[in-house]
Every structure is written in structure tokens, then in C-alpha cells.
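Chemist: As input, take input22.csv (CSV, C-alpha atoms):
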chain,number,residue,atom,x,y,z
A,1,MET,CA,21.3,-20.8,-4.6
A,2,GLU,CA,22.9,-24.1,-3.9
A,3,SER,CA,23.4,-25.3,-0.3
A,4,GLY,CA,24.5,-28.9,0.0
A,5,GLY,CA,23.6,-29.4,-3.7
A,6,GLU,CA,20.0,-28.3,-3.4
A,7,THR,CA,18.2,-25.2,-4.6
A,8,ARG,CA,16.5,-23.6,-1.7
A,9,ARG,CA,12.7,-23.1,-1.9
A,10,VAL,CA,11.5,-19.6,-1.0
A,11,VAL,CA,7.8,-19.0,-0.7
A,12,VAL,CA,6.6,-15.3,-0.6
A,13,VAL,CA,3.0,-14.8,0.5
A,14,GLY,CA,1.7,-11.5,-0.8
A,15,GLY,CA,2.4,-9.7,-4.0
A,16,GLY,CA,2.3,-6.1,-2.8
A,17,ILE,CA,5.2,-3.6,-2.8
A,18,ALA,CA,7.4,-5.6,-0.4
A,19,GLY,CA,6.6,-9.1,-1.5
A,20,SER,CA,7.0,-8.5,-5.2
A,21,LEU,CA,10.4,-6.8,-4.8
A,22,LEU,CA,11.6,-9.6,-2.6
A,23,ALA,CA,10.5,-12.3,-5.1
A,24,LYS,CA,12.1,-10.4,-7.9
A,25,SER,CA,15.3,-9.9,-6.0
A,26,LEU,CA,15.7,-13.7,-5.2
A,27,GLN,CA,14.4,-15.3,-8.4
A,28,PHE,CA,17.9,-16.2,-9.7
A,29,ASN,CA,19.1,-17.3,-6.2
A,30,ALA,CA,16.4,-19.7,-5.2
A,31,ALA,CA,13.3,-21.5,-6.4
A,32,VAL,CA,10.9,-18.7,-5.7
A,33,THR,CA,7.1,-19.1,-5.5
A,34,LEU,CA,4.9,-16.0,-5.1
A,35,ILE,CA,1.4,-16.5,-3.7
A,36,ASP,CA,-1.0,-13.7,-4.4
A,37,PRO,CA,-4.8,-13.6,-5.0
A,38,LYS,CA,-4.4,-11.2,-7.9
A,39,GLU,CA,-2.3,-11.4,-11.0
A,40,TYR,CA,-0.5,-8.1,-10.6
A,41,LEU,CA,1.5,-5.8,-8.4
A,42,GLU,CA,-0.1,-2.4,-7.8
A,43,ILE,CA,1.9,0.7,-7.0
A,44,THR,CA,-0.7,1.7,-4.4
A,45,TRP,CA,0.4,5.3,-3.9
A,46,ALA,CA,-0.6,6.0,-7.5
A,47,ASN,CA,-4.2,4.7,-7.0
A,48,LEU,CA,-5.7,8.2,-6.6
A,49,ARG,CA,-4.0,9.6,-9.7
A,50,ASN,CA,-5.4,6.6,-11.6
A,51,MET,CA,-8.9,7.7,-10.6
A,52,VAL,CA,-8.6,11.1,-12.3
A,53,GLU,CA,-6.3,9.9,-15.1
A,54,PRO,CA,-7.0,6.2,-15.8
A,55,SER,CA,-4.2,5.9,-18.4
A,56,PHE,CA,-1.7,6.4,-15.5
A,57,ALA,CA,-2.6,3.0,-14.3
A,58,GLU,CA,-1.1,1.3,-17.3
A,59,ARG,CA,2.3,1.9,-15.7
A,60,SER,CA,1.3,1.5,-12.0
A,61,VAL,CA,-0.5,-1.8,-12.3
A,62,ILE,CA,2.1,-4.4,-13.3
A,63,ASN,CA,1.5,-8.1,-14.0
A,64,HIS,CA,3.6,-10.3,-11.8
A,65,THR,CA,4.8,-12.1,-14.9
A,66,ASP,CA,6.4,-8.9,-16.2
A,67,TYR,CA,9.1,-8.9,-13.5
A,68,LEU,CA,9.1,-12.4,-12.1
A,69,THR,CA,10.5,-14.2,-15.1
A,70,ASN,CA,12.2,-17.0,-13.3
A,71,GLY,CA,9.7,-17.8,-10.5
A,72,ARG,CA,6.4,-19.6,-10.0
A,73,ILE,CA,3.3,-17.6,-9.5
A,74,VAL,CA,0.3,-19.1,-7.7
A,75,THR,CA,-2.8,-16.9,-8.1
A,76,SER,CA,-4.7,-17.7,-5.0
A,77,ALA,CA,-4.9,-16.7,-1.3
A,78,ALA,CA,-2.9,-18.5,1.3
A,79,THR,CA,-5.1,-20.2,3.9
A,80,ASN,CA,-2.7,-22.1,6.2
A,81,ILE,CA,0.9,-22.6,7.1
A,82,THR,CA,2.6,-25.6,8.6
A,83,ASP,CA,6.3,-26.0,9.5
A,84,THR,CA,7.0,-27.2,5.9
A,85,HIS,CA,4.1,-26.1,3.6
A,86,VAL,CA,1.8,-23.3,2.7
A,87,TRP,CA,-1.8,-24.2,1.7
A,88,THR,CA,-3.8,-22.0,-0.7
A,89,ALA,CA,-7.6,-21.6,-1.3
A,90,ASP,CA,-7.4,-23.3,-4.6
A,91,GLY,CA,-5.9,-26.5,-3.1
A,92,HIS,CA,-2.1,-26.0,-3.7
A,93,ARG,CA,0.2,-27.4,-1.1
A,94,ILE,CA,3.6,-25.6,-1.5
A,95,ALA,CA,6.7,-26.7,0.3
A,96,TYR,CA,9.2,-24.2,1.5
A,97,ASP,CA,12.7,-24.0,3.1
A,98,TYR,CA,12.2,-20.3,3.8
A,99,LEU,CA,8.9,-18.4,4.1
A,100,VAL,CA,8.2,-14.7,3.9
A,101,ILE,CA,4.8,-13.2,4.9
A,102,ALA,CA,4.0,-10.0,3.1
A,103,THR,CA,0.2,-9.8,3.0
A,104,GLY,CA,0.0,-6.2,4.2
A,105,HIS,CA,-3.5,-4.7,4.3
A,106,ARG,CA,-6.6,-6.3,3.0
A,107,ASP,CA,-8.0,-4.6,-0.1
A,108,VAL,CA,-10.9,-6.0,-2.2
A,109,VAL,CA,-9.7,-5.5,-5.8
A,110,PRO,CA,-10.2,-7.5,-9.1
A,111,ASN,CA,-7.9,-10.4,-9.8
A,112,THR,CA,-6.7,-9.3,-13.3
A,113,LYS,CA,-5.0,-6.2,-14.5
A,114,THR,CA,-7.6,-5.6,-17.2
A,115,ASP,CA,-10.4,-5.6,-14.6
A,116,ARG,CA,-8.5,-3.3,-12.4
A,117,LEU,CA,-7.9,-0.8,-15.2
A,118,ASN,CA,-11.6,-1.0,-16.1
A,119,GLN,CA,-12.4,-0.3,-12.4
A,120,TYR,CA,-10.3,2.9,-12.6
A,121,LYS,CA,-12.1,4.0,-15.8
A,122,ALA,CA,-15.5,3.5,-14.0
A,123,GLU,CA,-14.3,5.5,-11.0
A,124,ASN,CA,-13.1,8.2,-13.4
A,125,GLN,CA,-16.5,8.3,-15.1
A,126,LYS,CA,-18.2,8.6,-11.6
A,127,ILE,CA,-16.0,11.7,-10.9
A,128,GLN,CA,-16.5,13.2,-14.4
A,129,SER,CA,-20.3,12.9,-14.3
A,130,ALA,CA,-20.6,14.4,-10.8
A,131,ASN,CA,-20.9,18.1,-10.0
A,132,SER,CA,-20.5,17.6,-6.3
A,133,ILE,CA,-18.4,15.0,-4.6
A,134,LEU,CA,-18.2,13.9,-0.9
A,135,ILE,CA,-15.0,12.5,0.5
A,136,VAL,CA,-15.2,10.7,3.8
A,137,GLY,CA,-11.8,10.5,5.7
A,138,GLY,CA,-9.1,13.1,6.1
A,139,GLY,CA,-6.1,10.8,6.2
A,140,PRO,CA,-3.5,10.7,3.3
A,141,THR,CA,-6.0,8.9,1.0
A,142,GLY,CA,-8.8,11.4,1.4
A,143,VAL,CA,-6.5,14.4,1.3
A,144,GLU,CA,-4.7,13.2,-1.9
A,145,LEU,CA,-8.0,12.3,-3.6
A,146,ALA,CA,-9.4,15.7,-2.9
A,147,GLY,CA,-6.2,17.3,-4.2
A,148,GLU,CA,-6.3,15.2,-7.4
A,149,ILE,CA,-10.0,16.0,-8.1
A,150,VAL,CA,-9.7,19.8,-7.5
A,151,THR,CA,-6.6,20.0,-9.6
A,152,ASP,CA,-8.1,18.1,-12.6
A,153,PHE,CA,-11.7,19.3,-12.2
A,154,PRO,CA,-11.5,22.7,-10.5
A,155,ASP,CA,-15.2,23.4,-11.1
A,156,LYS,CA,-16.5,20.5,-9.0
A,157,LYS,CA,-17.8,21.1,-5.5
A,158,VAL,CA,-15.7,18.9,-3.2
A,159,THR,CA,-16.6,18.4,0.5
A,160,LEU,CA,-14.2,16.5,2.8
A,161,VAL,CA,-15.5,15.2,6.2
A,162,HIS,CA,-13.1,13.9,8.8
A,163,LYS,CA,-14.0,12.6,12.3
A,164,GLY,CA,-10.7,13.7,13.8
A,165,PRO,CA,-9.8,17.2,15.0
A,166,ARG,CA,-7.3,17.8,12.2
A,167,LEU,CA,-6.3,16.3,8.8
A,168,LEU,CA,-3.4,13.9,8.5
A,169,GLU,CA,-3.3,13.1,12.2
A,170,PHE,CA,-0.4,10.7,11.7
A,171,ILE,CA,2.0,13.6,11.1
A,172,GLY,CA,2.6,17.0,12.8
A,173,THR,CA,0.1,19.8,13.3
A,174,LYS,CA,2.2,22.1,11.0
A,175,ALA,CA,1.7,19.8,8.1
A,176,SER,CA,-2.0,19.4,8.9
A,177,ASN,CA,-2.5,23.1,9.0
A,178,LYS,CA,-0.7,23.7,5.7
A,179,THR,CA,-2.8,21.0,4.1
A,180,LEU,CA,-6.0,22.5,5.3
A,181,ARG,CA,-5.0,25.9,3.9
A,182,TRP,CA,-4.1,24.4,0.6
A,183,LEU,CA,-7.5,22.6,0.3
A,184,LYS,CA,-9.5,25.7,1.4
A,185,SER,CA,-7.6,27.8,-1.2
A,186,ARG,CA,-9.0,25.4,-3.8
A,187,LYS,CA,-12.5,25.8,-2.4
A,188,VAL,CA,-12.7,22.4,-0.8
A,189,GLU,CA,-15.1,22.5,2.1
A,190,VAL,CA,-13.5,20.7,5.0
A,191,LYS,CA,-15.6,19.6,8.0
A,192,LEU,CA,-13.7,18.3,11.0
A,193,GLU,CA,-14.8,16.3,14.0
A,194,GLN,CA,-17.8,15.0,12.2
A,195,ALA,CA,-18.9,11.6,10.9
A,196,VAL,CA,-21.2,10.9,8.0
A,197,ASP,CA,-24.1,8.5,7.6
A,198,LEU,CA,-23.6,7.1,4.1
A,199,ASN,CA,-27.2,5.9,3.9
A,200,SER,CA,-28.4,8.8,1.9
A,201,SER,CA,-31.7,10.1,0.9
A,202,THR,CA,-32.3,11.5,-2.6
A,203,LEU,CA,-33.1,15.1,-3.6
A,204,ASP,CA,-33.3,16.3,-7.2
A,205,GLY,CA,-31.2,13.3,-8.3
A,206,SER,CA,-28.5,14.0,-5.8
A,207,HIS,CA,-27.8,12.2,-2.6
A,208,VAL,CA,-28.2,14.0,0.8
A,209,TYR,CA,-25.9,12.8,3.5
A,210,LYS,CA,-26.4,13.6,7.2
A,211,THR,CA,-23.4,14.4,9.4
A,212,SER,CA,-23.1,13.6,13.2
A,213,SER,CA,-23.7,17.3,13.9
A,214,GLY,CA,-27.0,17.4,12.1
A,215,GLU,CA,-25.7,19.1,8.9
A,216,SER,CA,-26.9,17.9,5.4
A,217,ILE,CA,-24.5,17.5,2.6
A,218,LYS,CA,-25.8,17.3,-1.0
A,219,SER,CA,-23.6,15.4,-3.2
A,220,ASP,CA,-23.8,13.4,-6.5
A,221,CYS,CA,-21.4,10.7,-5.3
A,222,HIS,CA,-19.1,9.8,-2.4
A,223,PHE,CA,-15.8,8.1,-1.8
A,224,LEU,CA,-15.0,6.4,1.5
A,225,CYS,CA,-11.3,6.9,2.3
A,226,ALA,CA,-11.0,5.0,5.5
A,227,GLY,CA,-8.1,2.8,6.7
A,228,LYS,CA,-8.0,-0.7,5.4
A,229,PRO,CA,-7.7,-3.7,7.9
A,230,LEU,CA,-4.6,-5.8,8.1
A,231,ALA,CA,-4.6,-9.0,6.0
A,232,SER,CA,-3.5,-11.2,8.9
A,233,ALA,CA,-6.7,-12.8,10.2
A,234,TRP,CA,-5.9,-15.9,8.1
A,235,LEU,CA,-2.8,-16.5,10.4
A,236,ASN,CA,-5.0,-17.0,13.5
A,237,ASP,CA,-5.3,-20.7,12.7
A,238,THR,CA,-1.7,-21.3,11.6
A,239,ILE,CA,1.6,-22.1,13.4
A,240,LEU,CA,2.1,-18.3,13.5
A,241,LYS,CA,-1.0,-17.5,15.6
A,242,THR,CA,1.1,-17.0,18.8
A,243,HIS,CA,3.4,-14.6,16.9
A,244,LEU,CA,0.7,-11.9,16.3
A,245,ASP,CA,0.6,-8.9,18.6
A,246,GLY,CA,-2.7,-7.4,19.9
A,247,ASN,CA,-3.1,-5.4,16.7
A,248,GLY,CA,-2.7,-8.4,14.4
A,249,ARG,CA,0.8,-7.6,13.3
A,250,LEU,CA,3.6,-10.2,13.2
A,251,MET,CA,6.3,-9.7,15.8
A,252,VAL,CA,9.7,-9.7,14.2
A,253,ASP,CA,13.3,-9.4,15.4
A,254,GLU,CA,16.0,-6.9,14.1
A,255,HIS,CA,16.6,-9.2,11.1
A,256,LEU,CA,12.9,-9.2,10.2
A,257,ARG,CA,12.6,-12.8,11.2
A,258,VAL,CA,9.3,-13.8,12.9
A,259,ASN,CA,10.4,-14.1,16.6
A,260,GLY,CA,11.4,-17.6,17.5
A,261,ARG,CA,11.3,-18.8,13.8
A,262,ALA,CA,14.6,-19.4,12.1
A,263,ASN,CA,13.3,-19.7,8.6
A,264,ILE,CA,10.2,-17.5,8.5
A,265,PHE,CA,10.4,-13.7,7.9
A,266,ALA,CA,7.8,-10.9,7.6
A,267,ILE,CA,8.0,-7.7,5.7
A,268,GLY,CA,5.8,-4.6,5.0
A,269,ASP,CA,2.8,-3.4,6.8
A,270,ILE,CA,2.1,-6.7,8.6
A,271,THR,CA,5.2,-6.3,10.8
A,272,ASP,CA,5.1,-4.8,14.3
A,273,ILE,CA,8.0,-2.4,13.6
A,274,PRO,CA,7.3,0.9,15.3
A,275,GLU,CA,7.3,3.2,12.2
A,276,LEU,CA,4.8,4.7,9.8
A,277,LYS,CA,3.5,2.0,7.4
A,278,GLN,CA,4.8,3.4,4.1
A,279,GLY,CA,5.7,1.9,0.7
A,280,PHE,CA,9.3,3.1,0.7
A,281,LEU,CA,9.9,1.5,4.1
A,282,ALA,CA,8.3,-1.8,2.9
A,283,GLN,CA,10.8,-1.8,0.0
A,284,LYS,CA,13.6,-1.4,2.6
A,285,HIS,CA,12.3,-4.4,4.5
A,286,ALA,CA,12.4,-6.4,1.2
A,287,ILE,CA,16.0,-5.4,0.6
A,288,VAL,CA,17.1,-6.4,4.1
A,289,VAL,CA,15.4,-9.8,3.9
A,290,ALA,CA,16.7,-10.5,0.4
A,291,LYS,CA,20.3,-10.0,1.8
A,292,ASN,CA,19.6,-12.2,4.8
A,293,LEU,CA,18.1,-15.0,2.8
A,294,LYS,CA,21.1,-15.0,0.5
A,295,VAL,CA,23.4,-15.3,3.5
A,296,LEU,CA,21.3,-18.1,5.0
A,297,MET,CA,21.0,-20.0,1.7
A,298,GLY,CA,24.7,-19.7,1.2
A,299,GLY,CA,25.3,-21.7,4.4
A,300,GLY,CA,26.0,-18.6,6.5
A,301,VAL,CA,24.6,-19.2,10.0
A,302,GLN,CA,26.4,-16.5,12.0
A,303,GLU,CA,24.0,-14.0,13.3
A,304,SER,CA,26.7,-11.3,12.9
A,305,LYS,CA,26.5,-11.7,9.1
A,306,LEU,CA,22.8,-11.0,9.0
A,307,SER,CA,21.7,-7.4,8.1
A,308,LYS,CA,19.7,-5.5,10.7
A,309,TYR,CA,16.7,-3.3,9.9
A,310,GLU,CA,16.7,0.1,11.4
A,311,PRO,CA,13.2,1.5,11.8
A,312,GLY,CA,12.5,4.5,9.5
A,313,SER,CA,12.2,8.0,10.8
A,314,ALA,CA,9.0,10.1,10.4
A,315,ILE,CA,9.3,11.2,6.8
A,316,ALA,CA,5.9,11.7,5.1
A,317,LEU,CA,5.1,13.0,1.6
A,318,VAL,CA,1.5,13.8,0.8
A,319,SER,CA,0.6,14.9,-2.7
A,320,LEU,CA,-1.6,17.9,-3.3
A,321,GLY,CA,-2.5,17.7,-7.0
A,322,ARG,CA,0.0,17.6,-9.8
A,323,LYS,CA,2.6,20.1,-8.6
A,324,ASP,CA,2.3,20.6,-4.8
A,325,ALA,CA,2.9,18.4,-1.8
A,326,ILE,CA,3.4,18.5,1.9
A,327,ALA,CA,6.6,17.0,3.2
A,328,GLN,CA,7.4,16.3,6.8
A,329,PHE,CA,11.0,15.5,7.6
A,330,PRO,CA,12.5,15.0,11.1
A,331,PHE,CA,13.9,18.5,10.9
A,332,ALA,CA,11.3,20.5,9.0
A,333,THR,CA,7.9,20.6,7.4
A,334,ILE,CA,7.7,22.1,3.9
A,335,SER,CA,4.9,22.6,1.4
A,336,GLY,CA,4.5,23.7,-2.1
A,337,CYS,CA,6.2,22.9,-5.4
A,338,LEU,CA,9.6,21.8,-4.0
A,339,PRO,CA,8.2,18.6,-2.2
A,340,GLY,CA,5.8,18.4,-5.2
A,341,LEU,CA,8.8,17.9,-7.5
A,342,LEU,CA,9.8,15.0,-5.2
A,343,LYS,CA,6.5,13.1,-5.5
A,344,SER,CA,3.5,14.7,-7.2
A,345,ARG,CA,4.5,14.6,-10.9
A,346,ASP,CA,5.3,10.9,-11.3
A,347,LEU,CA,4.4,9.6,-7.8
A,348,PHE,CA,7.7,7.6,-7.9
A,349,VAL,CA,6.1,5.2,-10.4
A,350,GLY,CA,9.1,5.4,-12.8
A,351,LYS,CA,11.6,4.8,-9.9
A,352,THR,CA,9.5,1.9,-8.6
A,353,ARG,CA,9.3,0.3,-12.1
A,354,LYS,CA,13.1,0.6,-12.4
A,355,ASN,CA,13.5,-1.2,-9.1
A,356,MET,CA,11.4,-4.0,-10.5
A,357,GLY,CA,13.7,-4.2,-13.5
A,358,LEU,CA,11.1,-2.6,-15.9
A,359,GLN,CA,11.2,0.4,-18.1
A,360,ALA,CA,10.3,3.6,-16.3
As C-alpha cells, how would this structure be written, given the file I've shared?

Modeler:
Amino acid sequence: MESGGETRRVVVVGGGIAGSLLAKSLQFNAAVTLIDPKEYLEITWANLRNMVEPSFAERSVINHTDYLTNGRIVTSAATNITDTHVWTADGHRIAYDYLVIATGHRDVVPNTKTDRLNQYKAENQKIQSANSILIVGGGPTGVELAGEIVTDFPDKKVTLVHKGPRLLEFIGTKASNKTLRWLKSRKVEVKLEQAVDLNSSTLDGSHVYKTSSGESIKSDCHFLCAGKPLASAWLNDTILKTHLDGNGRLMVDEHLRVNGRANIFAIGDITDIPELKQGFLAQKHAIVVAKNLKVLMGGGVQESKLSKYEPGSAIALVSLGRKDAIAQFPFATISGCLPGLLKSRDLFVGKTRKNMGLQA
């Protein structure tokens, strides 16, 4: 967008759900540069389906070049920020007029789509060749992975161990209890308030894992489904180091600007907004910041013209296999095939692809 005859330079750091949608939304309004260590956007809530059905990943792993047709992509990690530039690990020094931080959570994944798809095929082979599977972690990732495995491979022995007193502790007890009943009805053995030592011994070709209560679990393989750390440590040596809260999140105002910074925004999981960190809310962040940047690049400086972000309410959808799900809304908790229709069949992949300007 022209402002005083110049095209504004917008740099987006992080090519996850929020950063990619923002870059895509602004690519014809500004000179957009997307900085991301990997070459693709991943629709992360489809990851667990990809493990039991690797072909599903063809649609949920999307090369940045597929949707960012009018922007620059720098495949590297950002390492430093000054008032005018972003530095990357591979030596790029990229100037910006507006900067958006969208680095989310840190996940160690391959750099290319091909390698990521091959990783899903390897995970699938691991599941297929195992008779017994141990899942460590009873948050949404562990619960959804257990649901996917017992739906596609009902004869496999699945054990889920969680250190907390109930599954899905981030939502209400009603949803936790319904989830536990669903898993038990599919013969998943759920052990609560226990930790697992993943240094196993071997017995008859299987691994034997010890729990904190002294139990032994025999399993052919295991999946650790623990929370991922925030990808904000790199900001500790930048101009934004004083803008991080005690949890490593960037403190933002109601317009999603980093507090005290007129031209730097933050979106997605890295923000300190008091709400569940969920993909559909990260997309809302991107939409608000895209509107605000268009106003600012158009010469609008009145605060009243900037869009405000309203924190999301506690809506949670956790898939249980192909047809069922648990849904928690502010007014009710429901389970079964109705919420399953909302999420489980396609996992919103078609809708997300359409948002990115791609065929569903």
C-alpha cells in the first residue's frame, strides 16, 4: 500500500497458522517478507490424523509458496530484532516498517514438506507394526492420538498415562469425564496421577516402562504428548526483551500491538492474551492485525480507527476418532457425533485451506 509514495515493508516472523494467514492477507497491500525456518505451513490440529492416515498430510502440510504468491519467503530462523531490521540465522538482514511476531510454540520438525510427509509415514509404520502402544500425556494431543489409533486400529492395546488428576485439565470436569468414558469404552487403559520413566528395559522384544506408582507397562512403542515450549527465547537478546512477561509471552495491547511499540505487533500463541491458545483464535488475531496494518499503512493514525481484539471465550473441540468429539461451549458440554460433525471428519482442513486461498 502506498503511503507518501512508498510501499510499506511488512515482515512477519513465523509461518504457523497466524503468521501465514497474515502474510497471505497483506501480500497485495505491502511488500511482505515471511521468515520461517521451514518451507511450509502446517495445519497443526491435523497432525494426529496424519499419523494414522499419512495421505491426509498432503492437504494439511502446505508449502508457503502455494499461498504467498506475491511475497518474499526467507527460510531461516529469526535471531535478532533492532528498531529497523530483523536478522536471520543464515545472515539475512531484512528492513521493516512494520513487524509482526508470530513464532508460537517451538516444534522440532523437518524443513521441507517432503521430509515432513515422510516423517508421518514413518510414524504410521511405527503404529502399524506395534501391537501395544503407550501414550504419555492426557491433554488434547494425547487424547486425540489415542482416539485416532483405537478408531483406525481397534485391535491394538493402547495405554494412556497422565500425571494430572483428570484428562483435558484445560477444560471442565464434565468434558474430562465424558472423554474418559469414551476412551474406556474403546478399551484404552487410562492411568491418572502417574508419571512414566521413558528409559525402558526390554522384555520379549517389547519395552517395559515403569510408572511413578511402581507399575510396569509393556509396550512396543511410545508417543510423548507433552506441551511444547514457547518459541520466544530468541527475543531475550532483542529490543523486545523487556516486553516479555514471566511466562515468555509478548505483552500486547487491545490492538495486538506490543505494548509501547507503535509498529510492532504479535499474534498467536506467543501473546499474553488471557484465553486458550487455539488455532481458530490465532486466525482471529491475524485478521485483526491485517485490518490494523491496512489502516496504518493508509496513513490512518487515529486510534479510534484501529480494530480491537476481544479475547475468545472457552470453546474447545477435542476429536475422538473419525466421528465423535467432545465440545465445550460457555453454555454446555456435549459429546458424540454432533460435535464430531463439526470437527472430526475433516478437522477443518478444507475450511483452513479456503482461508488461505487454496482449493479445499

Chemist: A:Thr352, A:Asn70, A:Ser219, A:Ser206: which is nearest A:Ile135, counting only C-alpha atoms?

Modeler: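 Selected residue with least distance to A:Ile135: A:Ser219.
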
Chemist: Any idea what the distance is between atom CA of A:Val349 and atom CA of A:Lys187?

Modeler: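 Spanning atom CA of A:Val349 to atom CA of A:Lys187 is a straight-line distance of 28.9 Å.
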
Chemist: Between atom CA of A:Pro54 and atom CA of A:Arg116, what distance in Å does the model show, to one decimal?

Modeler: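 Interatomic distance here is 10.2 Å.
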
Chemist: How many Å lie between atom CA of A:Ala262 and atom CA of A:Leu306, rounded to one decimal?

Modeler: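 Separating atom CA of A:Ala262 from atom CA of A:Leu306 is a distance of 12.1 Å.
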
Chemist: Which residues of stretch 84-153 of chain A have any atom within 9 Å of an atom in stretch 191-196 of chain A when counting only C-alpha atoms, and what is the closest pair of atoms for each, with the distance in Å to one decimal? Order the rows by chain and rising number and write it as JSON lines.

Modeler:
{"residue": "A:Val136", "atom": "CA", "partner": "A:Val196", "partner_atom": "CA", "distance": 7.3}
{"residue": "A:Gly137", "atom": "CA", "partner": "A:Ala195", "partner_atom": "CA", "distance": 8.9}
{"residue": "A:Gly138", "atom": "CA", "partner": "A:Leu192", "partner_atom": "CA", "distance": 8.5}

Chemist: So, with only C-alpha atoms as the atoms that count, which of A:Gly142, A:Gly321, A:Pro311, A:Gly172 lies closest to A:Gly268?

Modeler: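 Once distances to A:Gly268 are computed over only C-alpha atoms, the minimum belongs to A:Pro311.
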
Chemist: Report as an MDAnalysis selection string all protein, DNA and RNA residues lying within 7 Å of A:Cys337, evaluated on all atoms listed in the file, omitting residues in the same chain fewer than 4 positions from it.

Modeler: chainID A and resid 323:325 341

Chemist: As a list in words, please: the residues near A:Leu26 (cut-off 8 Å, all atoms listed in the file, same-chain neighbours under 6 positions excluded).

Modeler: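 With the cut-off at 8 Å, the set is Val32, Ala290 and Lys294 of chain A.
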
Chemist: Go ahead and write the residues just picked, C-alpha atoms, as a compact mmCIF listing (two decimals), keeping the file's coordinate frame.

Modeler:
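Output saved as part-v3.txt:
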# COMPACT_ATOMS: atom_id res chain seq x y z
CA VAL A 32 10.90 -18.70 -5.70
CA ALA A 290 16.70 -10.50 0.40
CA LYS A 294 21.10 -15.00 0.50

Chemist: Enumerate, as a short mmCIF file (atom, residue, chain, number, x, y, z; two decimals) with C-alpha atoms, keeping the file's coordinate frame, the protein, DNA and RNA residues whose atoms approach (-27.4, 12.3, 0.4) to within 9 Å, taking into account all atoms listed in the file and the coordinate frame of the file.

Modeler:
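The result, written out as point-v4.cif:
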data_model
loop_
_atom_site.label_atom_id
_atom_site.label_comp_id
_atom_site.auth_asym_id
_atom_site.auth_seq_id
_atom_site.Cartn_x
_atom_site.Cartn_y
_atom_site.Cartn_z
CA ASP A 197 -24.10 8.50 7.60
CA LEU A 198 -23.60 7.10 4.10
CA ASN A 199 -27.20 5.90 3.90
CA SER A 200 -28.40 8.80 1.90
CA SER A 201 -31.70 10.10 0.90
CA THR A 202 -32.30 11.50 -2.60
CA LEU A 203 -33.10 15.10 -3.60
CA SER A 206 -28.50 14.00 -5.80
CA HIS A 207 -27.80 12.20 -2.60
CA VAL A 208 -28.20 14.00 0.80
CA TYR A 209 -25.90 12.80 3.50
CA LYS A 210 -26.40 13.60 7.20
CA SER A 216 -26.90 17.90 5.40
CA ILE A 217 -24.50 17.50 2.60
CA LYS A 218 -25.80 17.30 -1.00
CA SER A 219 -23.60 15.40 -3.20
CA ASP A 220 -23.80 13.40 -6.50
CA CYS A 221 -21.40 10.70 -5.30
#

Chemist: With only C-alpha atoms as the counted atoms, please give the residues lying no more than 9 Å from A:Val12, apart from itself and same-chain residues fewer than 4 positions off, as an mmCIF file with C-alpha atoms, in the frame of the given file.

Modeler:
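So the final result, stored in selection-v2.cif, reads:
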data_model
loop_
_atom_site.group_PDB
_atom_site.id
_atom_site.type_symbol
_atom_site.label_atom_id
_atom_site.label_comp_id
_atom_site.auth_asym_id
_atom_site.auth_seq_id
_atom_site.Cartn_x
_atom_site.Cartn_y
_atom_site.Cartn_z
ATOM 1 C CA GLY A 19 6.600 -9.100 -1.500
ATOM 2 C CA SER A 20 7.000 -8.500 -5.200
ATOM 3 C CA LEU A 22 11.600 -9.600 -2.600
ATOM 4 C CA ALA A 23 10.500 -12.300 -5.100
ATOM 5 C CA VAL A 32 10.900 -18.700 -5.700
ATOM 6 C CA THR A 33 7.100 -19.100 -5.500
ATOM 7 C CA LEU A 34 4.900 -16.000 -5.100
ATOM 8 C CA ILE A 35 1.400 -16.500 -3.700
ATOM 9 C CA ASP A 36 -1.000 -13.700 -4.400
ATOM 10 C CA TYR A 98 12.200 -20.300 3.800
ATOM 11 C CA LEU A 99 8.900 -18.400 4.100
ATOM 12 C CA VAL A 100 8.200 -14.700 3.900
ATOM 13 C CA ILE A 101 4.800 -13.200 4.900
ATOM 14 C CA ALA A 102 4.000 -10.000 3.100
#

Chemist: Taking (3.4, 17.7, 6.6) as a centre in this file's frame and 6 Å as the limit, can you find every polymer residue with an atom that close, using only C-alpha atoms, and give them as a PyMOL selection string?

Modeler: chain A and resi 175+326-328+333

Chemist: Will you model N, CA, C and O atoms for stretch 112-122 of chain A and pass it back as an mmCIF file, keeping the file's coordinate frame?

Modeler:
data_model
loop_
_atom_site.group_PDB
_atom_site.id
_atom_site.type_symbol
_atom_site.label_atom_id
_atom_site.label_comp_id
_atom_site.auth_asym_id
_atom_site.auth_seq_id
_atom_site.Cartn_x
_atom_site.Cartn_y
_atom_site.Cartn_z
ATOM 1 N N THR A 112 -7.554 -9.487 -12.076
ATOM 2 C CA THR A 112 -6.700 -9.300 -13.300
ATOM 3 C C THR A 112 -6.441 -7.800 -13.496
ATOM 4 O O THR A 112 -7.210 -6.927 -13.070
ATOM 5 N N LYS A 113 -5.351 -7.533 -14.198
ATOM 6 C CA LYS A 113 -5.000 -6.200 -14.500
ATOM 7 C C LYS A 113 -6.064 -5.486 -15.364
ATOM 8 O O LYS A 113 -6.426 -4.327 -15.113
ATOM 9 N N THR A 114 -6.584 -6.204 -16.325
ATOM 10 C CA THR A 114 -7.600 -5.600 -17.200
ATOM 11 C C THR A 114 -8.824 -5.160 -16.391
ATOM 12 O O THR A 114 -9.332 -4.048 -16.582
ATOM 13 N N ASP A 115 -9.262 -6.009 -15.461
ATOM 14 C CA ASP A 115 -10.400 -5.600 -14.600
ATOM 15 C C ASP A 115 -10.090 -4.473 -13.718
ATOM 16 O O ASP A 115 -10.949 -3.626 -13.451
ATOM 17 N N ARG A 116 -8.856 -4.419 -13.231
ATOM 18 C CA ARG A 116 -8.500 -3.300 -12.400
ATOM 19 C C ARG A 116 -8.440 -1.993 -13.152
ATOM 20 O O ARG A 116 -8.912 -0.961 -12.670
ATOM 21 N N LEU A 117 -7.914 -2.032 -14.377
ATOM 22 C CA LEU A 117 -7.900 -0.800 -15.200
ATOM 23 C C LEU A 117 -9.325 -0.370 -15.533
ATOM 24 O O LEU A 117 -9.622 0.829 -15.523
ATOM 25 N N ASN A 118 -10.203 -1.337 -15.782
ATOM 26 C CA ASN A 118 -11.600 -1.000 -16.100
ATOM 27 C C ASN A 118 -12.266 -0.370 -14.828
ATOM 28 O O ASN A 118 -13.116 0.521 -14.950
ATOM 29 N N GLN A 119 -11.853 -0.833 -13.646
ATOM 30 C CA GLN A 119 -12.400 -0.300 -12.400
ATOM 31 C C GLN A 119 -11.989 1.214 -12.287
ATOM 32 O O GLN A 119 -12.801 2.057 -11.895
ATOM 33 N N TYR A 120 -10.732 1.522 -12.636
ATOM 34 C CA TYR A 120 -10.300 2.900 -12.600
ATOM 35 C C TYR A 120 -11.067 3.777 -13.600
ATOM 36 O O TYR A 120 -11.422 4.926 -13.321
ATOM 37 N N LYS A 121 -11.345 3.210 -14.774
ATOM 38 C CA LYS A 121 -12.100 4.000 -15.800
ATOM 39 C C LYS A 121 -13.532 4.249 -15.246
ATOM 40 O O LYS A 121 -14.070 5.341 -15.458
ATOM 41 N N ALA A 122 -14.109 3.273 -14.527
ATOM 42 C CA ALA A 122 -15.500 3.500 -14.000
ATOM 43 C C ALA A 122 -15.437 4.533 -12.868
ATOM 44 O O ALA A 122 -16.350 5.370 -12.788
#
